[in-house]
Amino acid sequence: MITFKKGIAFKLALIFSGSVTLIFVIIFGAYYSFTRKMIEKNTAENARNLTLGTVARIDGILRSVQQVPENMAGTLERGTVNKEELIGLIKSAVEKNPEIYGYGISFAPYAFDKNSLYMSPYYCRANKSLSWLGSDTYQYLLADWYQIPKELGKSRWSEPYYDEGGGNILMATYSVPFYRLVNGKRTFTGVITADMSLQWLREMMAAIKILDTGYAFLLSKNGNFVTHPDHTFIMNETIFGVAESLGDKKLRGIGRGMIGGQAAFVHTQRLDAGKPGFLYYTPVTSSGWSLAVLFPQDELLADLTHLNWLVLLLSAAGMLVLFGVVVSEARSITGPLTHMADATAEIAAGNLDVKMPETRSEDEVAILSRAFSAMQLSLKNHIARLTEATAARERIESELNIARDIQLSILPKIFPPFAGMPELDLFAVLKSAREVGGDLYDFFTVDEDNFCFVIGDVSGKGVPASLFMAVTKTLFKATAVSGTPPEVVLDNVNTELSRGNDKAMFVTAFFGILNIKTGVIAFSNGGHNLPVVMRKDGSVKYLWKTGGMVVGAMEGMKFEPGTLTLAPGDRLFLYTDGVTEAMDKNKVLFSDERLLRELEQLHGLPVKEVLNRLLAMLVDYSGGDQSDDITMMLLEYKGRS
Amino acid sequence: MKCLRTFLLLCFCAGALPGQALAAPKKLSFIPLWSPQAQFAGYYIALEKGFYRAKGLDVEILKGGPERPADVLLKEGKADIGTLWLSEAIKERAHGVRLLNVAQITQRSALMLVAKKSSDIRKLQDLDGKKVALWESFQLQPLALFRKYHLHVNVIPQAHSINLFLSGGADAASAMIYNEYHIILNSGLNPDELTTFFFYDYGLNFPEDGIYMLEKNYNKDPAAAAAFVKATLEGWKYAFEHKDEAVEVVLRRMREAHLPANLMHQKWMLEKMQGLIYPEGPATRAGELKRADYERVASELARSGGWQSVAYDSFYRDCITK
């Protein structure tokens with residue numbers, strides 16, 4: 001089973017997808033922000049063109065109306081006219097200018113006729129009738145269209161208003177004050193007014209289509225809505241009132257900019273729905289109004305928003321695909337790895353025949369897989385060879401064990417050796433370092449009084465040493481016949497061993513003959529370790545050295561004789577170098593001095609006990625890692641009782 | 001036992017308290033001094049919430065407006081009860097129209113002067129030599145103010161609209177705090193661009209809206225007048241406690257009268273009416289015509305136009321303590 005939950009595949013997929021997502025988000029964010037800015041810029045440009053074009057048309061129409069009373073003001077200022085001429089002027093103004101709905105000339109009190117307070121002929125296109133304004137109930141002197149231009153001293157468009165008499169249509173009046181010289185002084189004489197229906201304006205504004213829900217609107221000088229898609233706004237609501245009801249201080253600022261004659265592109269709330277939008281406004285210079293177009297943000301950015309969703313959706317899908325691909329690709333890598341891990345575990349468990357996963361590609365995993373296969377094969381071969389070798393060694397070992405048994409069997413193992421020899425007590429041990437060692441000891445009697453003993457150490461180890469030892473032992477036994485002094489025995493053994501000794505093997509040996517009657521030991525030393533004489537009083541010392549080289553190395557070597565007398569209770573300790581050269585774990589030798597000291601300590605104990613304790617001590621000293629054969633023999637002369 | 005049962009039955013059928021229950025509701029026609037707006041919210045609410053009916057009155061609120069002046073309707077008997085400005089009522093009384101004030105609804109004058117700081121008007125003295133537009137019928141207070149502070153002002157007539165002021169044709173203009181001032185603000189002028197003068201601050205508090213009726217009508221049924229006043233004050237109290245509902249009622253009245261109805265404007269108006277009717281909050285003795293206020297207005301009228309006023313007690317009938 002492949003598990004990738006927390007495996008390489010999953011981690012890879014996560015890291016890849018995460019990184020790609022991050023990169024994508026950054027790229028898309030930058031793209032979105034740039035595109036949005038671009039759309040806004042284009043919108044601002046479009047809005048500007050749209051409003052400028054519309055404003056130019058509005059201004060054109062307003063100016064064409066403005067011209068009529070302005071020209072007439074000049075006429076009235078240049079000379080006086082009588083009532084009929086006045087009426088003629090008014091009528092022709094309306095007839096010649098289809099844009100003009102109503103037209104009037106309103107004189108200041110008593111300015112036309114000294115006897116009349118009001119003088120204001122007015123001609124209306126709709127009912128083609130001339131009327132005379134001014135009465136107690138209609139004091140035109142207080143009307144905005146009269147009073148404002150009079151007070152300001154300049155021409156002016158009125159705030160749009162609903163004409164209650166003429167079918168409730170939205171109107172605006174352009175008023176031009178005119179003056180005459182009275183007593184040399186330029187004196188306000190009256191106001192010429194041209195009323196204009198703003199129906200065309202509403203139609204023109206309604207024709208401006210901005211996307212689906214965008215719209216254009218027109219504000220009067222006071223911030224009143226002159227046109228707006230929501231008819232309840234018209235002349236009933238100002239942009240500031242809307243700002244107040246929306247609690248939108250920014251909108252109030254926009255309103256102030258609009259009526260202040262500025263032009264700008266701003267982001268704002270929609271006045272009707274409260275949704276965000278982009279507003280472009282520009283002044284209608286002739287009337288002081290302000291034209292605005294509102295682009296609903298949701299529609300303007302609709303394509304971008306759609307694209308957003310599409311891109312998001314695609315990226316989500318892409319991310320899933322990427323995740324899947326990475327997981328699958330990673331699994332194609334980790335799959336064989338997992339197989340290999342399983343196979344390796346099986347190999348470790350001993351199954352060398354398990355099959356390594358096959359790989360099709362030539363990647364690192366394939367190389368690894370092949371390396372594993374090769375390793376498996378060589379391991380298999382190696383183990384086969386090892387098995388063979390082990391079998392061979394086991395056979396040799398078993399043969400060596402047999403040899404050891406044979407070797408040990410040729411050594412005397414009955415202590416004390418002779419039941420009918422109370423003058424003597426003796427014990428010997430041989431502990432081989434390997435299965436077959438080269439140490440030897442032996443003892444035997446040659447006649448009634450003479451007891452022979454020998455201890456030796458063959459050079460080298462193993463089977464050759466063991467065979468050489470067997471030969472040596474046999475030779476000693478054959479050579480030591482009654483009456484032959486020890487040095488001669490050594491001489492003879494040497495001669496026999498050296499003959500045909502191509503391997504130049506040799507043996508160190510100490511050979512002695514104890515006269516059990518006298519306690520005198522005649523001995524000869526063939527290069528062997530000096531035995532220790534242990535007197536009954538407890539004193540111990542090494543036997544003196546007598547001349548003589550190792551036995552069997554060279555023919556014709558001479559060995560010197562020596563004599564030692566043992567009093568009853570005295571002991572002679574013989575040993576091989578495996579005792580004094582035993583090493584502890586720091587390669588420190590047991591040493592001759594130590595041996596002497598230990599023997600001193602063991603004084604008085606039975607011979608068997610002495611050797612067993614020494615052996616235990618040596619085994620302990622070498623820490624179980626015995627480097628050489630250990631052979632010891634302790635002989636005690638008891639004397640004739 | 002039988003007697004008590006009959007009484008209870010009667011009470012149940014009438015659905016009201018004994019005493020009033022047995023009398024038929026008294027018909028009263030009321031004329032506000034202007035077309036429907038929040039200036040009269042208390043009356044509309046009192047009618048709407050049945051406060052008049054609860055006091056045994058069957059009130060009809062007539063449509064007011066410039067073409068239906070309240071004083072004319074009262075004089076001609078086309079309305080039983082109506083609202084008038086205190087100064088106007090005193091003038092009428094001086095002309096021999098026996099009108100009685102049965103309640104003074106606004107305690108503070110709503111009239112104010114608004115000036116543009118851009119015309120360099122920041123304090124009262126700055127009005128000196130400036131062009132100030134004044135409503136012709138409401139010149140009493142401003143002229144008293146100019147006289148009191150020795151200001152030489154170029155007074156020009158002011159129409160109903162505030163456009164003259166907005167267009168810059170006048171440096172200052174009269175306005176009602178609950179009406180024109182808000183229109184000015186909603187024409188794009190910020191409060192910090194304006195300097196305002198309240199007559200109250202200059203010892204010229206001429207409270208305006210009061211409830212009036214002809215003396216002969218009052219004498220016929222003083223209890224009805226008192227009931228009307230009390231129900232109206234209840235209406236105002238309710239309106240201020242439930243402003244959204246009150247504005248809604250007002251807007252409905254406006255739409256019924258085919259008037260442009262602007263929610264924010266009516267909200268503003270109701271808010272300001274509260275300050276005029278309850279200038280001292282709950283501590284205000286709502287509905288009372290204070291002797292000092294009456295005498296202040298009367299003496300100014302006498303000084304400026306020679307109008308002879310009657311004594312306070314002949315002019316005012318306390319309907320709130322009864």
# chains A, B, ... in the order shown; residues from 1 in each chain; ligands from 1

$ interface_residues --of "chain B" --to "chain A" --cutoff "7 Å" --atoms "only C-alpha atoms" --output "PyMOL selection string"
chain B and resi 157-159+163-164+169+186-188+260+262+264

$ select_by_dssp --residues "region 218-319 of chain B" --states "alpha helix (DSSP H)" --output "PyMOL selection string"
chain B and resi 218-220+222-241+243-256+263-277+291-305+312-315

$ closest_residue --among "A:Leu634, A:Leu300, A:Met340, A:Leu566" --to "Asn42 (chain A)" --atoms "only C-alpha atoms"
A:Leu300

$ closest_residue --among "A:Gly102, A:Pro357, A:Gly214, A:Gly548" --to "Ala172 (chain A)" --atoms "only C-alpha atoms"
A:Gly102

$ residues_around --residues "Val72 (chain B)" --least-positions-apart "4" --cutoff "12 Å" --atoms "only C-alpha atoms" --output "VMD selection string"
chain B and resid 31 to 33 64 to 68 76 to 84 88 to 89 92 97 99 213 to 214

$ write_last_selection --atoms "N, CA and C atoms" --output "PDB file, in the first residue's frame"
ATOM      1  N   ILE B  31     -57.974  74.875  11.371  1.00  0.00           N
ATOM      2  CA  ILE B  31     -57.227  75.363  10.216  1.00  0.00           C
ATOM      3  C   ILE B  31     -55.774  75.675  10.626  1.00  0.00           C
ATOM      4  N   PRO B  32     -54.805  74.915  10.125  1.00  0.00           N
ATOM      5  CA  PRO B  32     -53.405  75.252  10.403  1.00  0.00           C
ATOM      6  C   PRO B  32     -52.991  76.436   9.534  1.00  0.00           C
ATOM      7  N   LEU B  33     -51.964  77.150   9.969  1.00  0.00           N
ATOM      8  CA  LEU B  33     -51.670  78.379   9.227  1.00  0.00           C
ATOM      9  C   LEU B  33     -50.827  78.148   7.980  1.00  0.00           C
ATOM     10  N   GLY B  64     -54.671  73.836   4.853  1.00  0.00           N
ATOM     11  CA  GLY B  64     -54.184  75.206   4.946  1.00  0.00           C
ATOM     12  C   GLY B  64     -53.273  75.528   3.778  1.00  0.00           C
ATOM     13  N   GLY B  65     -52.781  76.746   3.775  1.00  0.00           N
ATOM     14  CA  GLY B  65     -51.880  77.148   2.701  1.00  0.00           C
ATOM     15  C   GLY B  65     -52.042  78.617   2.425  1.00  0.00           C
ATOM     16  N   PRO B  66     -51.184  79.133   1.556  1.00  0.00           N
ATOM     17  CA  PRO B  66     -51.199  80.581   1.304  1.00  0.00           C
ATOM     18  C   PRO B  66     -52.548  81.080   0.769  1.00  0.00           C
ATOM     19  N   GLU B  67     -53.237  80.222   0.044  1.00  0.00           N
ATOM     20  CA  GLU B  67     -54.512  80.664  -0.521  1.00  0.00           C
ATOM     21  C   GLU B  67     -55.668  80.488   0.455  1.00  0.00           C
ATOM     22  N   ARG B  68     -55.409  79.890   1.595  1.00  0.00           N
ATOM     23  CA  ARG B  68     -56.459  79.688   2.614  1.00  0.00           C
ATOM     24  C   ARG B  68     -55.934  80.185   3.959  1.00  0.00           C
ATOM     25  N   GLU B  76     -64.262  84.361   9.146  1.00  0.00           N
ATOM     26  CA  GLU B  76     -65.465  84.080   8.378  1.00  0.00           C
ATOM     27  C   GLU B  76     -66.253  82.914   8.950  1.00  0.00           C
ATOM     28  N   GLY B  77     -65.738  82.330  10.018  1.00  0.00           N
ATOM     29  CA  GLY B  77     -66.454  81.230  10.657  1.00  0.00           C
ATOM     30  C   GLY B  77     -66.352  79.936   9.890  1.00  0.00           C
ATOM     31  N   LYS B  78     -65.406  79.875   8.907  1.00  0.00           N
ATOM     32  CA  LYS B  78     -65.260  78.634   8.144  1.00  0.00           C
ATOM     33  C   LYS B  78     -64.423  77.613   8.896  1.00  0.00           C
ATOM     34  N   ALA B  79     -63.785  78.116   9.943  1.00  0.00           N
ATOM     35  CA  ALA B  79     -63.040  77.203  10.814  1.00  0.00           C
ATOM     36  C   ALA B  79     -63.328  77.607  12.248  1.00  0.00           C
ATOM     37  N   ASP B  80     -63.410  76.592  13.126  1.00  0.00           N
ATOM     38  CA  ASP B  80     -63.718  76.880  14.536  1.00  0.00           C
ATOM     39  C   ASP B  80     -62.472  77.289  15.292  1.00  0.00           C
ATOM     40  N   ILE B  81     -61.386  76.701  14.895  1.00  0.00           N
ATOM     41  CA  ILE B  81     -60.171  76.878  15.692  1.00  0.00           C
ATOM     42  C   ILE B  81     -58.991  76.820  14.725  1.00  0.00           C
ATOM     43  N   GLY B  82     -57.911  77.528  15.042  1.00  0.00           N
ATOM     44  CA  GLY B  82     -56.802  77.538  14.087  1.00  0.00           C
ATOM     45  C   GLY B  82     -55.526  78.018  14.737  1.00  0.00           C
ATOM     46  N   THR B  83     -54.460  77.948  13.943  1.00  0.00           N
ATOM     47  CA  THR B  83     -53.188  78.450  14.475  1.00  0.00           C
ATOM     48  C   THR B  83     -52.834  79.755  13.774  1.00  0.00           C
ATOM     49  N   LEU B  84     -52.275  80.667  14.573  1.00  0.00           N
ATOM     50  CA  LEU B  84     -51.828  81.968  14.070  1.00  0.00           C
ATOM     51  C   LEU B  84     -50.549  82.321  14.792  1.00  0.00           C
ATOM     52  N   GLU B  88     -49.385  88.330  14.731  1.00  0.00           N
ATOM     53  CA  GLU B  88     -50.494  88.509  13.809  1.00  0.00           C
ATOM     54  C   GLU B  88     -51.824  88.561  14.554  1.00  0.00           C
ATOM     55  N   ALA B  89     -51.938  87.688  15.565  1.00  0.00           N
ATOM     56  CA  ALA B  89     -53.179  87.629  16.338  1.00  0.00           C
ATOM     57  C   ALA B  89     -53.398  88.929  17.104  1.00  0.00           C
ATOM     58  N   GLU B  92     -54.643  91.428  14.694  1.00  0.00           N
ATOM     59  CA  GLU B  92     -56.055  91.185  14.397  1.00  0.00           C
ATOM     60  C   GLU B  92     -56.942  91.718  15.520  1.00  0.00           C
ATOM     61  N   VAL B  97     -60.885  92.137  15.706  1.00  0.00           N
ATOM     62  CA  VAL B  97     -61.294  90.723  15.597  1.00  0.00           C
ATOM     63  C   VAL B  97     -61.066  90.087  16.962  1.00  0.00           C
ATOM     64  N   LEU B  99     -60.246  87.607  18.767  1.00  0.00           N
ATOM     65  CA  LEU B  99     -59.606  86.284  18.820  1.00  0.00           C
ATOM     66  C   LEU B  99     -59.039  86.052  20.208  1.00  0.00           C
ATOM     67  N   MET B 213     -59.140  81.007  18.741  1.00  0.00           N
ATOM     68  CA  MET B 213     -60.531  80.885  18.297  1.00  0.00           C
ATOM     69  C   MET B 213     -61.272  82.180  18.631  1.00  0.00           C
ATOM     70  N   LEU B 214     -62.362  82.357  17.957  1.00  0.00           N
ATOM     71  CA  LEU B 214     -63.139  83.563  18.241  1.00  0.00           C
ATOM     72  C   LEU B 214     -63.711  83.460  19.645  1.00  0.00           C
TER      73      LEU B 214
END

$ residues_around --residues "region 373-385 of chain A" --least-positions-apart "5" --cutoff "9 Å" --atoms "only C-alpha atoms" --output "list in words"
Thr344, Ile347, Leu352, Asp353, Val354, Lys355, Met356, Leu368 and Thr390 of chain A

$ residues_around --residues "Gly526 (chain A)" --least-positions-apart "5" --cutoff "7 Å" --atoms "only C-alpha atoms" --output "PyMOL selection string"
chain A and resi 508-510+548-551+559

$ select_by_dssp --residues "region 46-237 of chain A" --states "strand (DSSP E or B)" --output "PyMOL selection string"
chain A and resi 100-107+119+121-124+129-132+156-157+161-163+169-182+185-197+210+214-219+224-227+234

$ residues_around --residues "region 175-183 of chain B" --least-positions-apart "2" --cutoff "8 Å" --atoms "only C-alpha atoms" --output "PyMOL selection string"
chain B and resi 39+110-114+162+173+185-187+265+268-273

$ write_last_selection --atoms "C-alpha atoms" --output "PDB file, in the first residue's frame"
ATOM      1  CA  GLN B  39     -44.875  72.169  11.789  1.00  0.00           C
ATOM      2  CA  ALA B 110     -38.379  80.095  15.000  1.00  0.00           C
ATOM      3  CA  LEU B 111     -37.506  83.176  12.978  1.00  0.00           C
ATOM      4  CA  MET B 112     -33.868  83.787  12.353  1.00  0.00           C
ATOM      5  CA  LEU B 113     -31.541  85.726  10.142  1.00  0.00           C
ATOM      6  CA  VAL B 114     -29.040  83.797   8.084  1.00  0.00           C
ATOM      7  CA  ILE B 162     -34.677  81.406  -0.413  1.00  0.00           C
ATOM      8  CA  ALA B 173     -32.166  86.754   4.702  1.00  0.00           C
ATOM      9  CA  LEU B 185     -28.016  73.650   4.227  1.00  0.00           C
ATOM     10  CA  ASN B 186     -29.380  71.257   1.642  1.00  0.00           C
ATOM     11  CA  SER B 187     -28.479  73.656  -1.125  1.00  0.00           C
ATOM     12  CA  HIS B 265     -36.828  67.884   5.497  1.00  0.00           C
ATOM     13  CA  TRP B 268     -35.538  68.161  10.405  1.00  0.00           C
ATOM     14  CA  MET B 269     -38.680  70.194  10.887  1.00  0.00           C
ATOM     15  CA  LEU B 270     -40.076  67.900  13.554  1.00  0.00           C
ATOM     16  CA  GLU B 271     -36.739  67.918  15.343  1.00  0.00           C
ATOM     17  CA  LYS B 272     -36.672  71.716  15.386  1.00  0.00           C
ATOM     18  CA  MET B 273     -40.321  71.951  16.454  1.00  0.00           C
TER      19      MET B 273
END

$ residues_around --residues "Gly527 (chain A)" --least-positions-apart "2" --cutoff "12 Å" --atoms "only C-alpha atoms" --output "VMD selection string"
chain A and resid 455 to 459 490 494 506 to 511 524 to 525 529 to 531 545 to 553 557 to 560 576 to 577

$ write_last_selection --atoms "N, CA, C and O atoms" --output "short mmCIF file (atom, residue, chain, number, x, y, z; two decimals), in the first residue's frame"
data_model
loop_
_atom_site.label_atom_id
_atom_site.label_comp_id
_atom_site.auth_asym_id
_atom_site.auth_seq_id
_atom_site.Cartn_x
_atom_site.Cartn_y
_atom_site.Cartn_z
N ILE A 455 58.09 -31.00 31.03
CA ILE A 455 57.12 -29.97 30.61
C ILE A 455 57.70 -29.27 29.40
O ILE A 455 58.91 -29.04 29.35
N GLY A 456 56.91 -29.06 28.40
CA GLY A 456 57.44 -28.44 27.18
C GLY A 456 56.43 -27.55 26.48
O GLY A 456 55.23 -27.62 26.73
N ASP A 457 57.01 -26.76 25.58
CA ASP A 457 56.15 -25.80 24.84
C ASP A 457 56.66 -25.76 23.41
O ASP A 457 57.77 -25.30 23.15
N VAL A 458 55.84 -26.30 22.48
CA VAL A 458 56.24 -26.32 21.07
C VAL A 458 56.03 -24.94 20.46
O VAL A 458 55.05 -24.26 20.76
N SER A 459 57.00 -24.59 19.61
CA SER A 459 56.82 -23.29 18.92
C SER A 459 55.62 -23.42 17.97
O SER A 459 55.36 -24.49 17.43
N LEU A 490 67.76 -35.12 26.73
CA LEU A 490 67.48 -33.92 25.91
C LEU A 490 68.26 -33.96 24.61
O LEU A 490 67.74 -33.63 23.54
N ASN A 494 66.66 -34.07 21.02
CA ASN A 494 67.06 -33.00 20.08
C ASN A 494 67.51 -33.60 18.76
O ASN A 494 67.10 -33.14 17.71
N PHE A 506 60.45 -26.20 16.89
CA PHE A 506 61.26 -26.60 18.05
C PHE A 506 60.37 -26.63 19.27
O PHE A 506 59.21 -26.24 19.22
N VAL A 507 60.96 -27.06 20.35
CA VAL A 507 60.21 -27.14 21.59
C VAL A 507 61.14 -26.75 22.73
O VAL A 507 62.32 -27.04 22.67
N THR A 508 60.57 -25.94 23.69
CA THR A 508 61.34 -25.71 24.91
C THR A 508 60.90 -26.79 25.88
O THR A 508 59.71 -27.09 25.95
N ALA A 509 61.86 -27.36 26.62
CA ALA A 509 61.47 -28.45 27.52
C ALA A 509 62.34 -28.47 28.77
O ALA A 509 63.51 -28.09 28.74
N PHE A 510 61.72 -28.81 29.87
CA PHE A 510 62.45 -29.02 31.12
C PHE A 510 62.24 -30.47 31.51
O PHE A 510 61.11 -30.91 31.67
N PHE A 511 63.34 -31.16 31.61
CA PHE A 511 63.25 -32.58 31.91
C PHE A 511 63.98 -32.86 33.23
O PHE A 511 65.09 -32.40 33.44
N SER A 524 67.68 -31.15 33.29
CA SER A 524 68.34 -30.40 32.23
C SER A 524 67.26 -29.52 31.57
O SER A 524 66.11 -29.95 31.42
N ASN A 525 67.66 -28.30 31.24
CA ASN A 525 66.66 -27.32 30.75
C ASN A 525 66.94 -26.99 29.30
O ASN A 525 67.98 -26.45 28.96
N ASN A 529 61.11 -22.10 30.51
CA ASN A 529 60.96 -21.19 31.65
C ASN A 529 61.49 -21.87 32.90
O ASN A 529 61.27 -23.06 33.12
N LEU A 530 62.13 -21.02 33.75
CA LEU A 530 62.75 -21.58 34.94
C LEU A 530 61.67 -21.98 35.93
O LEU A 530 60.82 -21.16 36.29
N PRO A 531 61.70 -23.24 36.40
CA PRO A 531 60.71 -23.68 37.39
C PRO A 531 60.92 -22.95 38.71
O PRO A 531 61.95 -22.33 38.93
N LYS A 545 69.63 -21.04 36.35
CA LYS A 545 69.65 -21.33 34.93
C LYS A 545 70.80 -22.27 34.62
O LYS A 545 71.90 -22.10 35.13
N THR A 546 70.52 -23.26 33.76
CA THR A 546 71.58 -24.12 33.26
C THR A 546 71.66 -23.94 31.76
O THR A 546 70.68 -23.55 31.13
N GLY A 547 72.82 -24.18 31.18
CA GLY A 547 73.00 -23.95 29.74
C GLY A 547 72.19 -24.90 28.91
O GLY A 547 71.96 -26.06 29.28
N GLY A 548 71.75 -24.45 27.77
CA GLY A 548 70.97 -25.29 26.85
C GLY A 548 69.99 -24.47 26.04
O GLY A 548 69.34 -23.57 26.57
N MET A 549 69.99 -24.75 24.71
CA MET A 549 69.08 -24.03 23.81
C MET A 549 67.80 -24.82 23.66
O MET A 549 67.64 -25.87 24.30
N VAL A 550 66.92 -24.30 22.83
CA VAL A 550 65.65 -25.01 22.59
C VAL A 550 65.92 -26.34 21.93
O VAL A 550 66.95 -26.55 21.30
N VAL A 551 64.98 -27.26 22.07
CA VAL A 551 65.17 -28.63 21.61
C VAL A 551 64.57 -28.79 20.21
O VAL A 551 63.46 -28.32 19.95
N GLY A 552 65.33 -29.44 19.29
CA GLY A 552 64.80 -29.78 17.97
C GLY A 552 65.12 -28.78 16.89
O GLY A 552 64.84 -29.01 15.74
N ALA A 553 65.76 -27.68 17.25
CA ALA A 553 66.02 -26.66 16.24
C ALA A 553 67.26 -27.00 15.44
O ALA A 553 67.32 -26.78 14.24
N MET A 557 73.17 -29.97 19.45
CA MET A 557 73.17 -28.99 20.54
C MET A 557 73.48 -29.72 21.83
O MET A 557 73.08 -30.86 22.04
N LYS A 558 74.19 -29.05 22.75
CA LYS A 558 74.54 -29.68 24.03
C LYS A 558 73.69 -29.09 25.14
O LYS A 558 73.41 -27.90 25.15
N PHE A 559 73.26 -29.87 26.10
CA PHE A 559 72.45 -29.44 27.23
C PHE A 559 73.17 -29.74 28.51
O PHE A 559 73.74 -30.80 28.68
N GLU A 560 73.14 -28.80 29.44
CA GLU A 560 73.92 -28.99 30.67
C GLU A 560 73.08 -29.68 31.73
O GLU A 560 71.86 -29.46 31.80
N THR A 576 54.50 -23.28 31.62
CA THR A 576 54.88 -22.77 30.29
C THR A 576 54.69 -21.25 30.27
O THR A 576 54.11 -20.67 31.19
N ASP A 577 55.17 -20.62 29.20
CA ASP A 577 55.11 -19.13 29.15
C ASP A 577 53.68 -18.60 29.07
O ASP A 577 53.44 -17.41 29.22
#

$ atom_distance --atom1 "CA of Gly275 (chain B)" --atom2 "CA of Arg296 (chain B)"
20.7 Å

$ atom_distance --atom1 "CA of Ser197 (chain A)" --atom2 "CA of Tyr122 (chain A)"
15.5 Å

$ atom_distance --atom1 "CA of Asp248 (chain A)" --atom2 "CA of Leu170 (chain A)"
28.4 Å
